[in-house]
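Structure below is final29.cif: mmCIF, C-alpha atoms and all ligand atoms.
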```
data_input
loop_
_atom_site.label_atom_id
_atom_site.label_comp_id
_atom_site.auth_asym_id
_atom_site.auth_seq_id
_atom_site.Cartn_x
_atom_site.Cartn_y
_atom_site.Cartn_z
CA MET A 1 97.51 -9.59 68.45
CA ILE A 2 100.43 -7.57 69.79
CA LYS A 3 100.96 -6.97 73.52
CA LYS A 4 103.55 -4.82 75.27
CA ILE A 5 105.02 -6.61 78.29
CA SER A 6 107.95 -6.27 80.65
CA THR A 7 110.98 -8.31 79.58
CA ASN A 8 110.81 -9.93 83.05
CA ASP A 9 107.59 -11.64 81.92
CA LEU A 10 109.09 -13.09 78.75
CA ARG A 11 109.01 -16.88 78.44
CA VAL A 12 110.45 -19.53 76.15
CA GLY A 13 107.82 -20.02 73.39
CA MET A 14 106.82 -16.33 73.18
CA TYR A 15 107.12 -14.59 69.82
CA ILE A 16 108.89 -11.25 70.00
CA GLU A 17 107.59 -8.80 67.44
CA LYS A 18 109.86 -6.02 68.63
CA LEU A 19 112.19 -5.22 71.53
CA ASP A 20 112.26 -1.76 73.09
CA VAL A 21 115.72 -0.98 71.76
CA SER A 22 117.31 0.62 68.71
CA TRP A 23 118.71 -1.76 66.10
CA VAL A 24 122.24 -0.61 66.96
CA ASN A 25 121.98 -2.08 70.46
CA HIS A 26 119.77 -5.02 69.48
CA PRO A 27 121.22 -8.24 70.98
CA PHE A 28 119.93 -10.45 68.15
CA TRP A 29 120.50 -10.39 64.40
CA LYS A 30 116.78 -10.29 63.64
CA SER A 31 114.16 -8.08 65.24
CA SER A 32 111.20 -10.53 65.22
CA PHE A 33 111.70 -14.08 66.45
CA LYS A 34 110.38 -16.81 68.72
CA ILE A 35 112.27 -17.38 71.98
CA GLU A 36 113.47 -20.96 71.63
CA SER A 37 115.76 -21.37 74.64
CA LYS A 38 116.57 -20.17 78.11
CA LYS A 39 119.88 -18.95 76.74
CA GLU A 40 118.06 -16.44 74.50
CA LEU A 41 116.01 -15.32 77.50
CA LYS A 42 119.19 -14.77 79.50
CA THR A 43 120.62 -12.63 76.67
CA ILE A 44 117.55 -10.37 76.84
CA HIS A 45 117.63 -10.21 80.65
CA ALA A 46 121.34 -9.39 80.58
CA SER A 47 120.65 -6.40 78.32
CA ALA A 48 119.15 -3.11 79.49
CA ILE A 49 115.91 -3.73 77.56
CA LYS A 50 112.85 -3.19 79.74
CA PHE A 51 109.92 -3.89 77.38
CA ALA A 52 109.02 -6.14 74.49
CA TRP A 53 106.05 -6.41 72.11
CA ILE A 54 104.91 -9.99 71.72
CA ASP A 55 102.59 -11.48 69.09
CA ILE A 56 100.28 -13.87 70.92
CA LYS A 57 99.07 -15.38 67.65
CA LYS A 58 102.57 -16.59 66.81
CA GLY A 59 103.73 -17.56 70.31
CA ILE A 60 102.48 -18.23 73.83
CA ASN A 61 100.58 -15.54 75.67
CA ILE A 62 101.45 -13.99 79.01
CA PRO A 63 99.57 -15.81 81.81
CA GLU A 64 96.53 -13.91 83.06
CA GLN A 65 97.87 -14.33 86.59
CA PRO A 66 101.40 -13.42 87.61
CA ALA A 67 103.82 -16.09 86.46
CA ILE A 68 104.20 -18.79 89.07
CA ASN A 69 107.52 -18.91 90.79
CA LEU A 70 108.73 -22.44 90.47
CA ASN A 71 112.12 -21.58 91.90
CA VAL A 72 113.87 -22.92 88.87
CA SER A 73 117.56 -22.40 89.39
CA ASP A 74 119.98 -21.65 86.60
CA THR A 75 120.63 -25.36 86.32
CA GLY A 76 116.95 -26.14 85.88
CA SER A 77 116.52 -27.75 89.31
CA ILE A 78 113.89 -26.64 91.79
CA ASP A 79 113.35 -27.20 95.42
CA LYS A 80 110.13 -25.59 96.61
CA PRO A 81 106.75 -27.11 95.73
CA ILE A 82 104.25 -24.86 93.97
CA SER A 83 101.94 -23.45 96.58
CA LYS A 84 98.24 -24.35 96.51
CA GLU A 85 97.16 -20.82 95.55
CA THR A 86 99.40 -20.61 92.49
CA GLN A 87 97.95 -23.85 91.12
CA ASN A 88 94.64 -22.08 90.42
CA PHE A 89 94.66 -20.82 86.88
CA PRO A 90 91.61 -19.34 85.17
CA LYS A 91 90.01 -22.07 83.05
CA SER A 92 90.13 -21.55 79.29
CA SER A 93 87.93 -23.08 76.60
CA ILE A 94 89.37 -26.01 74.69
CA GLU A 95 89.30 -24.01 71.44
CA ASP A 96 91.38 -21.22 73.01
CA GLU A 97 93.74 -23.55 74.83
CA MET A 98 94.36 -25.60 71.68
CA LYS A 99 96.08 -22.57 70.13
CA THR A 100 98.47 -22.15 73.07
CA ALA A 101 98.91 -25.89 73.59
CA LYS A 102 100.03 -26.32 69.94
CA ILE A 103 102.81 -23.78 70.50
CA VAL A 104 103.78 -25.23 73.90
CA LEU A 105 103.89 -28.72 72.41
CA ASP A 106 105.98 -27.61 69.47
CA SER A 107 108.56 -25.89 71.70
CA ALA A 108 108.59 -28.78 74.18
CA LYS A 109 109.06 -31.32 71.41
CA GLN A 110 111.95 -29.40 69.87
CA ALA A 111 113.74 -28.86 73.20
CA THR A 112 113.23 -32.49 74.28
CA GLN A 113 114.42 -33.76 70.92
CA ALA A 114 117.56 -31.58 71.12
CA MET A 115 118.29 -32.78 74.67
CA PHE A 116 117.71 -36.45 73.81
CA ASN A 117 119.81 -36.25 70.62
CA GLU A 118 122.73 -34.79 72.54
CA VAL A 119 122.48 -37.66 75.03
CA ARG A 120 122.51 -40.16 72.15
CA MET A 121 125.71 -38.53 70.93
CA GLY A 122 127.31 -39.02 74.33
CA VAL A 123 126.82 -35.54 75.79
CA SER A 124 125.71 -35.32 79.46
CA VAL A 125 122.02 -34.66 80.16
CA ASN A 126 121.33 -30.92 80.27
CA THR A 127 117.82 -29.87 81.37
CA GLU A 128 118.44 -26.12 81.14
CA ASP A 129 116.29 -25.59 78.03
CA VAL A 130 113.49 -27.99 78.95
CA ALA A 131 112.97 -26.74 82.52
CA PRO A 132 110.98 -23.61 81.51
CA LEU A 133 108.88 -25.74 79.16
CA VAL A 134 107.74 -27.91 82.06
CA THR A 135 106.34 -24.67 83.49
CA ASN A 136 104.52 -23.97 80.19
CA ILE A 137 103.10 -27.50 80.19
CA PHE A 138 101.97 -27.09 83.82
CA GLU A 139 100.20 -23.84 82.95
CA SER A 140 98.46 -25.27 79.87
CA VAL A 141 97.29 -28.37 81.79
CA SER A 142 96.09 -26.10 84.60
CA ARG A 143 93.98 -23.96 82.25
CA ASN A 144 92.52 -26.90 80.32
CA SER A 145 94.21 -30.31 80.38
CA SER A 146 92.20 -31.68 77.43
CA ALA A 147 93.97 -29.53 74.83
CA LEU A 148 97.55 -30.70 75.36
CA LEU A 149 96.48 -34.29 76.10
CA CYS A 150 94.58 -34.46 72.78
CA LEU A 151 97.45 -33.00 70.81
CA THR A 152 100.09 -35.34 72.21
CA GLN A 153 98.13 -38.27 70.81
CA ILE A 154 99.27 -37.45 67.28
CA LYS A 155 102.73 -38.90 66.90
CA ASN A 156 104.67 -40.44 64.07
CA LYS A 157 107.43 -42.98 64.30
CA ASP A 158 110.17 -40.34 64.13
CA ASP A 159 108.95 -38.12 66.93
CA TYR A 160 107.37 -40.82 69.11
CA THR A 161 110.02 -40.86 71.88
CA TYR A 162 110.05 -37.07 72.34
CA LEU A 163 106.29 -36.60 72.17
CA HIS A 164 105.76 -39.60 74.46
CA SER A 165 108.00 -37.88 77.02
CA VAL A 166 106.04 -34.62 76.74
CA ALA A 167 102.74 -36.56 76.97
CA VAL A 168 103.83 -38.41 80.13
CA CYS A 169 104.93 -35.06 81.61
CA ALA A 170 101.44 -33.59 80.94
CA LEU A 171 99.60 -36.72 82.13
CA MET A 172 101.59 -36.82 85.39
CA ILE A 173 100.76 -33.18 86.07
CA ALA A 174 97.06 -33.82 85.31
CA LEU A 175 97.05 -36.87 87.59
CA GLY A 176 98.89 -34.90 90.28
CA LYS A 177 96.13 -32.29 90.19
CA GLN A 178 93.50 -35.00 90.46
CA ILE A 179 95.05 -36.50 93.61
CA ASP A 180 95.88 -33.11 95.12
CA TYR A 181 99.59 -33.93 94.95
CA GLN A 182 101.46 -32.20 97.74
CA GLY A 183 104.96 -32.28 96.26
CA SER A 184 106.54 -30.14 93.57
CA PHE A 185 104.65 -30.20 90.27
CA HIS A 186 107.78 -29.10 88.46
CA LYS A 187 109.69 -32.13 89.72
CA LEU A 188 106.73 -34.34 88.80
CA GLY A 189 106.62 -32.93 85.26
CA MET A 190 110.38 -33.19 84.89
CA ALA A 191 110.17 -36.83 85.99
CA GLY A 192 107.63 -37.49 83.23
CA LEU A 193 109.79 -35.75 80.66
CA LEU A 194 112.94 -37.70 81.59
CA HIS A 195 111.47 -41.11 82.44
CA ASP A 196 112.56 -42.77 79.18
CA ILE A 197 115.88 -40.99 78.67
CA GLY A 198 117.61 -44.38 79.02
CA LYS A 199 116.18 -45.24 75.58
CA MET A 200 118.85 -42.94 74.16
CA ALA A 201 121.37 -45.60 75.20
CA ILE A 202 119.57 -48.27 73.13
CA PRO A 203 120.84 -48.74 69.53
CA GLU A 204 118.30 -47.15 67.16
CA ASP A 205 117.86 -50.34 65.09
CA VAL A 206 116.71 -52.16 68.25
CA LEU A 207 114.59 -49.25 69.53
CA ASN A 208 112.74 -48.84 66.22
CA LYS A 209 112.66 -52.50 65.17
CA GLU A 210 109.34 -53.36 63.54
CA GLY A 211 109.50 -57.13 64.00
CA LYS A 212 109.64 -59.19 67.19
CA LEU A 213 112.68 -58.54 69.39
CA THR A 214 115.13 -61.38 70.09
CA LYS A 215 115.76 -62.29 73.74
CA GLU A 216 119.06 -60.34 73.66
CA GLU A 217 117.38 -57.29 72.13
CA PHE A 218 114.58 -57.43 74.68
CA ASP A 219 117.16 -57.54 77.49
CA ILE A 220 118.78 -54.40 76.06
CA VAL A 221 115.41 -52.62 75.98
CA LYS A 222 114.60 -53.76 79.52
CA ASN A 223 117.83 -52.21 80.71
CA HIS A 224 116.70 -48.67 79.74
CA PRO A 225 115.53 -47.68 83.27
CA ARG A 226 118.99 -48.47 84.70
CA ARG A 227 120.80 -46.77 81.82
CA GLY A 228 118.54 -43.74 82.25
CA TYR A 229 119.24 -43.63 85.98
CA GLU A 230 122.99 -43.71 85.29
CA LEU A 231 122.67 -40.95 82.68
CA LEU A 232 120.76 -38.77 85.15
CA LYS A 233 123.40 -39.40 87.84
CA GLU A 234 126.07 -38.06 85.49
CA ALA A 235 123.94 -35.14 84.26
CA LYS A 236 125.35 -31.67 83.67
CA THR A 237 122.45 -30.04 85.50
CA ASP A 238 121.01 -30.98 88.90
CA ILE A 239 118.38 -33.65 88.54
CA CYS A 240 115.84 -34.03 91.33
CA ASP A 241 115.39 -37.33 93.19
CA THR A 242 111.82 -37.61 91.85
CA ALA A 243 113.05 -37.74 88.25
CA ARG A 244 115.78 -40.27 89.07
CA ASP A 245 113.34 -42.49 90.94
CA VAL A 246 110.65 -42.38 88.21
CA CYS A 247 113.28 -43.06 85.55
CA LEU A 248 114.52 -46.16 87.41
CA HIS A 249 111.15 -47.51 88.57
CA HIS A 250 108.47 -46.65 85.99
CA HIS A 251 108.36 -50.31 84.85
CA GLU A 252 107.85 -51.76 88.34
CA ARG A 253 104.48 -53.42 89.06
CA VAL A 254 102.65 -53.55 92.38
CA ASP A 255 102.68 -57.38 92.28
CA GLY A 256 106.49 -57.41 92.10
CA LYS A 257 106.59 -58.72 88.51
CA GLY A 258 108.03 -55.53 87.06
CA TYR A 259 111.63 -54.53 86.41
CA PRO A 260 114.44 -53.68 87.09
CA ASP A 261 114.19 -54.33 90.84
CA GLY A 262 110.96 -56.34 91.16
CA LEU A 263 109.68 -53.93 93.83
CA THR A 264 106.22 -54.53 95.28
CA GLY A 265 103.36 -52.15 96.26
CA LYS A 266 104.70 -50.23 99.24
CA GLU A 267 108.29 -50.31 97.99
CA ILE A 268 107.35 -48.30 94.89
CA SER A 269 107.06 -44.54 95.36
CA LEU A 270 103.84 -42.67 94.58
CA GLU A 271 105.54 -40.85 91.71
CA ALA A 272 106.88 -44.07 90.12
CA LYS A 273 103.38 -45.60 90.36
CA MET A 274 101.98 -42.48 88.66
CA GLY A 275 104.69 -42.72 86.00
CA ALA A 276 103.82 -46.39 85.32
CA ILE A 277 100.15 -45.59 84.62
CA CYS A 278 100.83 -42.50 82.49
CA ASP A 279 103.57 -44.27 80.52
CA VAL A 280 101.40 -47.27 79.63
CA TYR A 281 98.35 -45.14 78.77
CA ASP A 282 100.27 -42.93 76.38
CA ALA A 283 102.17 -45.85 74.85
CA ILE A 284 99.04 -47.85 74.01
CA THR A 285 97.08 -44.85 72.70
CA SER A 286 99.92 -43.96 70.31
CA ASP A 287 100.54 -45.26 66.82
CA ARG A 288 103.85 -47.15 66.76
CA CYS A 289 105.95 -48.57 63.95
CA TYR A 290 104.61 -52.04 64.79
CA LYS A 291 100.98 -51.28 65.77
CA LYS A 292 98.14 -48.76 65.50
CA GLY A 293 97.25 -46.96 68.73
CA TRP A 294 94.02 -47.85 70.51
CA ASP A 295 91.55 -45.07 71.11
CA PRO A 296 91.64 -43.53 74.61
CA ALA A 297 88.44 -45.14 75.93
CA GLU A 298 89.43 -48.59 74.65
CA SER A 299 92.87 -48.15 76.25
CA LEU A 300 91.36 -47.38 79.65
CA LYS A 301 89.21 -50.52 79.36
CA LYS A 302 92.25 -52.68 78.60
CA MET A 303 94.23 -51.12 81.45
CA ALA A 304 91.34 -51.72 83.84
CA SER A 305 91.46 -55.42 82.93
CA TRP A 306 95.21 -55.55 83.67
CA LYS A 307 95.22 -53.32 86.70
CA LYS A 308 95.24 -56.11 89.30
CA GLY A 309 98.89 -56.50 90.02
CA HIS A 310 100.00 -54.09 87.35
CA PHE A 311 98.96 -50.69 88.67
CA ASP A 312 98.01 -49.21 91.99
CA ASP A 313 94.22 -49.58 92.11
CA GLN A 314 93.36 -46.29 93.82
CA LEU A 315 95.74 -44.32 91.64
CA PHE A 316 94.34 -45.91 88.48
CA ARG A 317 90.84 -44.81 89.50
CA ALA A 318 92.15 -41.27 89.99
CA PHE A 319 93.79 -41.48 86.58
CA ILE A 320 90.46 -42.37 84.92
CA LYS A 321 88.96 -39.34 86.65
CA SER A 322 91.74 -37.11 85.36
CA VAL A 323 91.36 -38.17 81.70
CA GLY A 324 87.65 -39.16 81.82
CA ILE A 325 85.81 -42.38 80.96
CA TYR A 326 85.32 -40.83 77.54
CA PRO A 327 88.60 -38.91 77.31
CA SER A 328 88.58 -35.73 75.24
CA GLY A 329 89.08 -36.64 71.60
CA THR A 330 86.91 -39.78 71.82
CA LEU A 331 84.46 -40.29 68.93
CA VAL A 332 81.02 -41.27 70.21
CA LYS A 333 77.74 -42.25 68.56
CA LEU A 334 74.64 -40.72 70.16
CA ARG A 335 71.19 -42.23 70.60
CA SER A 336 69.98 -39.78 67.94
CA SER A 337 72.28 -41.51 65.43
CA ARG A 338 74.69 -38.61 65.24
CA LEU A 339 78.46 -38.64 65.78
CA ALA A 340 80.21 -36.31 68.20
CA ILE A 341 83.66 -35.70 69.62
CA VAL A 342 84.17 -35.41 73.36
CA ILE A 343 85.73 -32.02 73.99
CA GLU A 344 85.50 -31.56 77.74
CA GLN A 345 84.80 -33.50 80.94
CA SER A 346 81.81 -32.53 83.03
CA ASP A 347 82.24 -31.53 86.67
CA LYS A 348 79.13 -33.55 87.52
CA THR A 349 79.62 -36.98 86.00
CA LEU A 350 82.28 -38.77 83.99
CA LEU A 351 79.57 -40.49 81.93
CA GLU A 352 78.13 -37.28 80.46
CA PRO A 353 80.88 -35.11 79.01
CA ILE A 354 80.58 -32.00 76.85
CA ILE A 355 80.55 -32.93 73.17
CA LYS A 356 80.71 -31.44 69.69
CA ILE A 357 78.12 -32.97 67.33
CA PHE A 358 79.19 -32.87 63.68
CA TYR A 359 77.91 -35.86 61.70
CA SER A 360 74.64 -37.58 60.80
CA CYS A 361 75.00 -41.36 60.61
CA SER A 362 71.75 -41.81 58.68
CA ASN A 363 72.73 -39.30 55.98
CA ARG A 364 76.42 -40.23 56.25
CA ALA A 365 77.23 -36.52 55.99
CA GLN A 366 78.60 -33.72 58.12
CA ILE A 367 76.05 -31.43 59.77
CA PRO A 368 76.48 -27.96 61.32
CA ILE A 369 78.58 -28.21 64.47
CA LYS A 370 76.68 -28.02 67.75
CA ILE A 371 78.20 -28.11 71.25
CA ILE A 372 76.08 -29.71 73.96
CA ASP A 373 76.53 -30.63 77.60
CA LEU A 374 75.22 -34.18 78.01
CA THR A 375 74.27 -33.53 81.64
CA SER A 376 71.60 -31.05 80.57
CA SER A 377 70.39 -32.42 77.26
CA GLY A 378 68.10 -35.31 76.43
CA GLU A 379 70.95 -36.88 74.46
CA MET A 380 72.92 -40.02 75.45
CA VAL A 381 76.08 -41.78 74.35
CA GLU A 382 75.17 -45.05 72.67
CA SER A 383 78.65 -46.31 71.81
CA ILE A 384 82.29 -45.43 71.38
CA GLU A 385 83.21 -45.46 67.71
CA SER A 386 86.46 -46.05 65.92
CA PRO A 387 87.39 -42.93 63.90
CA LYS A 388 88.98 -45.25 61.33
CA LYS A 389 85.69 -47.07 60.77
CA TRP A 390 84.10 -43.77 59.73
CA GLY A 391 87.12 -42.66 57.71
CA PHE A 392 88.27 -39.90 60.10
CA THR A 393 91.98 -39.37 60.77
CA ARG A 394 93.26 -38.23 64.14
CA LYS A 395 94.25 -34.95 62.50
CA PHE A 396 90.65 -34.42 61.38
CA ILE A 397 89.49 -35.01 64.97
CA ILE A 398 92.04 -32.53 66.36
CA ASP A 399 91.09 -29.90 63.77
CA LEU A 400 87.44 -30.41 64.65
CA ILE A 401 88.17 -29.87 68.34
CA SER A 402 90.20 -26.74 67.59
CA THR A 403 87.53 -24.99 65.52
FE FE A 501 110.17 -46.93 79.76
#
```
File written out as structure tokens:
Amino acid sequence: MIKKISTNDLRVGMYIEKLDVSWVNHPFWKSSFKIESKKELKTIHASAIKFAWIDIKKGINIPEQPAINLNVSDTGSIDKPISKETQNFPKSSIEDEMKTAKIVLDSAKQATQAMFNEVRMGVSVNTEDVAPLVTNIFESVSRNSSALLCLTQIKNKDDYTYLHSVAVCALMIALGKQIDYQGSFHKLGMAGLLHDIGKMAIPEDVLNKEGKLTKEEFDIVKNHPRRGYELLKEAKTDICDTARDVCLHHHERVDGKGYPDGLTGKEISLEAKMGAICDVYDAITSDRCYKKGWDPAESLKKMASWKKGHFDDQLFRAFIKSVGIYPSGTLVKLRSSRLAIVIEQSDKTLLEPIIKIFYSCSNRAQIPIKIIDLTSSGEMVESIESPKKWGFTRKFIIDLIST
């Protein structure tokens, strides 16, 4: 679908079908393209072009509300927190949000990968291109957090580090919303995106090693928060204190057994405690070169058993609320012997989410899809099931959610 919008409303991730200019004065060599960077946006803004036609099927849509002003400076830094009012976005269905979230995730992954690769090659950290994507992630999470959180669960060994960073960014924003975070959501998201940048200072053979690490190799890996902190100190663009702090302290534990500084409870900032929870949750739900990821519900159970001493108790409870006891994407078996995928959390209770029924266990066959709200149906979750046990891939689950 094509929409005419003011060039002031253009965003990274939008697909330009046409600019309101003759080809002679066109600032780009092709007339239809996706805006991939802030630099391209600046080129359009620097021209006299007032309007553009965007294709919302090929790129992100214009927000239904006026774009939030995050006060992102040219260097990607921001100072003012987002006001309460601008945090209220109209809710979208998971099916609709999946379409936008796929595009947001794709752009965010590419920009993060480019930034991280430059750092690996010795270039200073430059957040200019990723800063607008944090805004896109904030908006998608605000409309429906389940979509982006489901999608970030599919990673392969080559894109793990970048997608993990995007996932932690989205999870921190979702957790921030849950606890009514009073600081800047952009700084919070940026902190999630940059928390593991120190891994770019770790030799790739150590970072991606499939076998057990030697003591020396483990020491190198454990040094990544400090290396990340140093990289952020020398960055080309302004990096907020929140991002530096989360980068340095996301492996601290409330019992003081974490690293690098062995800080305890009160010495660790709220944001670093949030980072610790989001980082561990995404890491254990992801497939890695050395292990298969656990499903979201199983991961929460494991984390609950470690939480004494590891995580801040109150914050962990808020985290469960933000992702759900049966997080979206969880495969469940119902009392009626049917399988369903959790697609949405209920406002009433975490135990009765909204689900998509698609499979009969007795016939071992797919059945017509039916969406039901467990709070108002006679149905009940009997157990959490492993998709692998039933022969479903994560991609199948995502496709099922999207349709
Ligand atoms: Fe880390």
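The spacing separating CA of Lys356 (chain A) from CA of Trp294 (chain A) amounts to 21.1 Å.
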Cut-off 7 Å, only C-alpha atoms and all ligand atoms, neighbours of ligand FE 501 (chain A) as number ranges by chain: A: 195-196, 224-225, 250-251
CA of Arg394 (chain A) to CA of Leu151 (chain A), straight-line distance in Å: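 Calculated distance between CA of Leu151 (chain A) and CA of Arg394 (chain A) is 9.5 Å.
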Protein and nucleic acid residues near (116.8, -54.8, 81.6) (cut-off 12 Å, all atoms listed in the file) as a PyMOL selection string: chain A and resi 198-199+202+215-228+248-249+251-252+258-262
Among the residues A:Gly309, A:Gly183, A:Gly391, A:Gly293, the one that comes closest to Thr264 (chain A) [using all atoms listed in the file]: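 That would be A:Gly309, the residue with the smallest distance to Thr264 (chain A).
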Contact residues around Ile197 (chain A) with all atoms listed in the file at 12 Å, ignoring same-chain residues under 5 positions, as a PyMOL selection string: chain A and resi 112-113+115-120+124-127+161-162+164-166+190-192+202+221+223-233+235+243-244+246-248+250
Keeping C-alpha atoms for every residue in the selection just given, could you write it to a file as an mmCIF file, in the coordinates of the input?
```
data_model
loop_
_atom_site.group_PDB
_atom_site.id
_atom_site.type_symbol
_atom_site.label_atom_id
_atom_site.label_comp_id
_atom_site.auth_asym_id
_atom_site.auth_seq_id
_atom_site.Cartn_x
_atom_site.Cartn_y
_atom_site.Cartn_z
ATOM 1 C CA THR A 112 113.230 -32.490 74.280
ATOM 2 C CA GLN A 113 114.420 -33.760 70.920
ATOM 3 C CA MET A 115 118.290 -32.780 74.670
ATOM 4 C CA PHE A 116 117.710 -36.450 73.810
ATOM 5 C CA ASN A 117 119.810 -36.250 70.620
ATOM 6 C CA GLU A 118 122.730 -34.790 72.540
ATOM 7 C CA VAL A 119 122.480 -37.660 75.030
ATOM 8 C CA ARG A 120 122.510 -40.160 72.150
ATOM 9 C CA SER A 124 125.710 -35.320 79.460
ATOM 10 C CA VAL A 125 122.020 -34.660 80.160
ATOM 11 C CA ASN A 126 121.330 -30.920 80.270
ATOM 12 C CA THR A 127 117.820 -29.870 81.370
ATOM 13 C CA THR A 161 110.020 -40.860 71.880
ATOM 14 C CA TYR A 162 110.050 -37.070 72.340
ATOM 15 C CA HIS A 164 105.760 -39.600 74.460
ATOM 16 C CA SER A 165 108.000 -37.880 77.020
ATOM 17 C CA VAL A 166 106.040 -34.620 76.740
ATOM 18 C CA MET A 190 110.380 -33.190 84.890
ATOM 19 C CA ALA A 191 110.170 -36.830 85.990
ATOM 20 C CA GLY A 192 107.630 -37.490 83.230
ATOM 21 C CA ILE A 202 119.570 -48.270 73.130
ATOM 22 C CA VAL A 221 115.410 -52.620 75.980
ATOM 23 C CA ASN A 223 117.830 -52.210 80.710
ATOM 24 C CA HIS A 224 116.700 -48.670 79.740
ATOM 25 C CA PRO A 225 115.530 -47.680 83.270
ATOM 26 C CA ARG A 226 118.990 -48.470 84.700
ATOM 27 C CA ARG A 227 120.800 -46.770 81.820
ATOM 28 C CA GLY A 228 118.540 -43.740 82.250
ATOM 29 C CA TYR A 229 119.240 -43.630 85.980
ATOM 30 C CA GLU A 230 122.990 -43.710 85.290
ATOM 31 C CA LEU A 231 122.670 -40.950 82.680
ATOM 32 C CA LEU A 232 120.760 -38.770 85.150
ATOM 33 C CA LYS A 233 123.400 -39.400 87.840
ATOM 34 C CA ALA A 235 123.940 -35.140 84.260
ATOM 35 C CA ALA A 243 113.050 -37.740 88.250
ATOM 36 C CA ARG A 244 115.780 -40.270 89.070
ATOM 37 C CA VAL A 246 110.650 -42.380 88.210
ATOM 38 C CA CYS A 247 113.280 -43.060 85.550
ATOM 39 C CA LEU A 248 114.520 -46.160 87.410
ATOM 40 C CA HIS A 250 108.470 -46.650 85.990
#
```
Nearest to Val141 (chain A) by atom-to-atom distance, counting all atoms listed in the file, from A:Ile239, A:Ile268, A:Val323, A:Ala114: A:Val323
For Lys42 (chain A), list every protein, DNA or RNA residue within 12 Å, evaluated using all atoms listed in the file, and leave out those in the same chain fewer than 4 positions away; present the list as a tab-separated table (two decimals) with C-alpha atoms, keeping the file's coordinate frame.
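As a result, result.tsv now contains:
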```tsv
chain	number	residue	atom	x	y	z
A	7	THR	CA	110.98	-8.31	79.58
A	8	ASN	CA	110.81	-9.93	83.05
A	10	LEU	CA	109.09	-13.09	78.75
A	11	ARG	CA	109.01	-16.88	78.44
A	12	VAL	CA	110.45	-19.53	76.15
A	27	PRO	CA	121.22	-8.24	70.98
A	35	ILE	CA	112.27	-17.38	71.98
A	36	GLU	CA	113.47	-20.96	71.63
A	37	SER	CA	115.76	-21.37	74.64
A	38	LYS	CA	116.57	-20.17	78.11
A	46	ALA	CA	121.34	-9.39	80.58
A	47	SER	CA	120.65	-6.40	78.32
A	48	ALA	CA	119.15	-3.11	79.49
A	49	ILE	CA	115.91	-3.73	77.56
A	74	ASP	CA	119.98	-21.65	86.60
A	128	GLU	CA	118.44	-26.12	81.14
A	129	ASP	CA	116.29	-25.59	78.03
```
Å distance separating CA of Val168 (chain A) from CA of Val130 (chain A), one decimal place: 14.3 Å
Surrounding residues of Asn61 (chain A) excluding itself and chain neighbours under 3 positions, 9 Å, all atoms listed in the file, as a PyMOL selection string: chain A and resi 3+11+13-15+54-57+64+100
Top pick for closest residue to Arg364 (chain A), considering A:Lys389, A:Lys58, A:His310, A:Arg338 and counting all atoms listed in the file: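 Using all atoms listed in the file, Arg364 (chain A) sits closest to A:Arg338.
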As lines of an AutoDock Vina configuration file, what would the box around region 301-312 of chain A look like: edges along x, y and z, 3 Å added on every side, centre and edge lengths in Å to one decimal?
```
center_x = 94.6
center_y = -52.9
center_z = 85.3
size_x = 16.8
size_y = 13.3
size_z = 19.4
```
Within 12 Å of Lys302 (chain A) using all atoms listed in the file, minus same-chain residues under 5 positions, as a PyMOL selection string: chain A and resi 280-281+284-285+294-297+307-308+310
Selection: 9 Å around Ala318 (chain A), only C-alpha atoms, excl. self and same-chain fewer than 4 positions, as number ranges by chain: A: 175, 178-179, 313-314, 322-323
Protein and nucleic acid residues near (83.0, -30.8, 58.3) (cut-off 12 Å, only C-alpha atoms) as a list in words: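 Residues with an atom at most 12 Å from (83.0, -30.8, 58.3): Leu339, Ala340, Lys356, Ile357, Phe358, Tyr359, Ser360, Arg364, Ala365, Gln366, Ile367, Pro368, Ile369, Lys370, Phe392, Phe396, Ile397, Asp399, Leu400, Ile401 and Thr403 of chain A.
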From A:Leu263, A:Ile343, A:Ala170, A:Cys361, residue lying nearest Trp390 (chain A) [all atoms listed in the file]: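 Using all atoms listed in the file, the shortest distance to Trp390 (chain A) belongs to A:Cys361.
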Pick from A:Lys50, A:Lys109, A:Lys301, A:Arg253 nearest to Gly265 (chain A), counting only C-alpha atoms: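 Of A:Lys50, A:Lys109, A:Lys301, A:Arg253, the one nearest Gly265 (chain A), counting only C-alpha atoms, is A:Arg253.
Nearest-residue note for Lys155 (chain A): choosing from A:Ser286, A:Ser269, A:Ser32, A:Ser184, the minimum distance belongs to A:Ser286, counting only C-alpha atoms.
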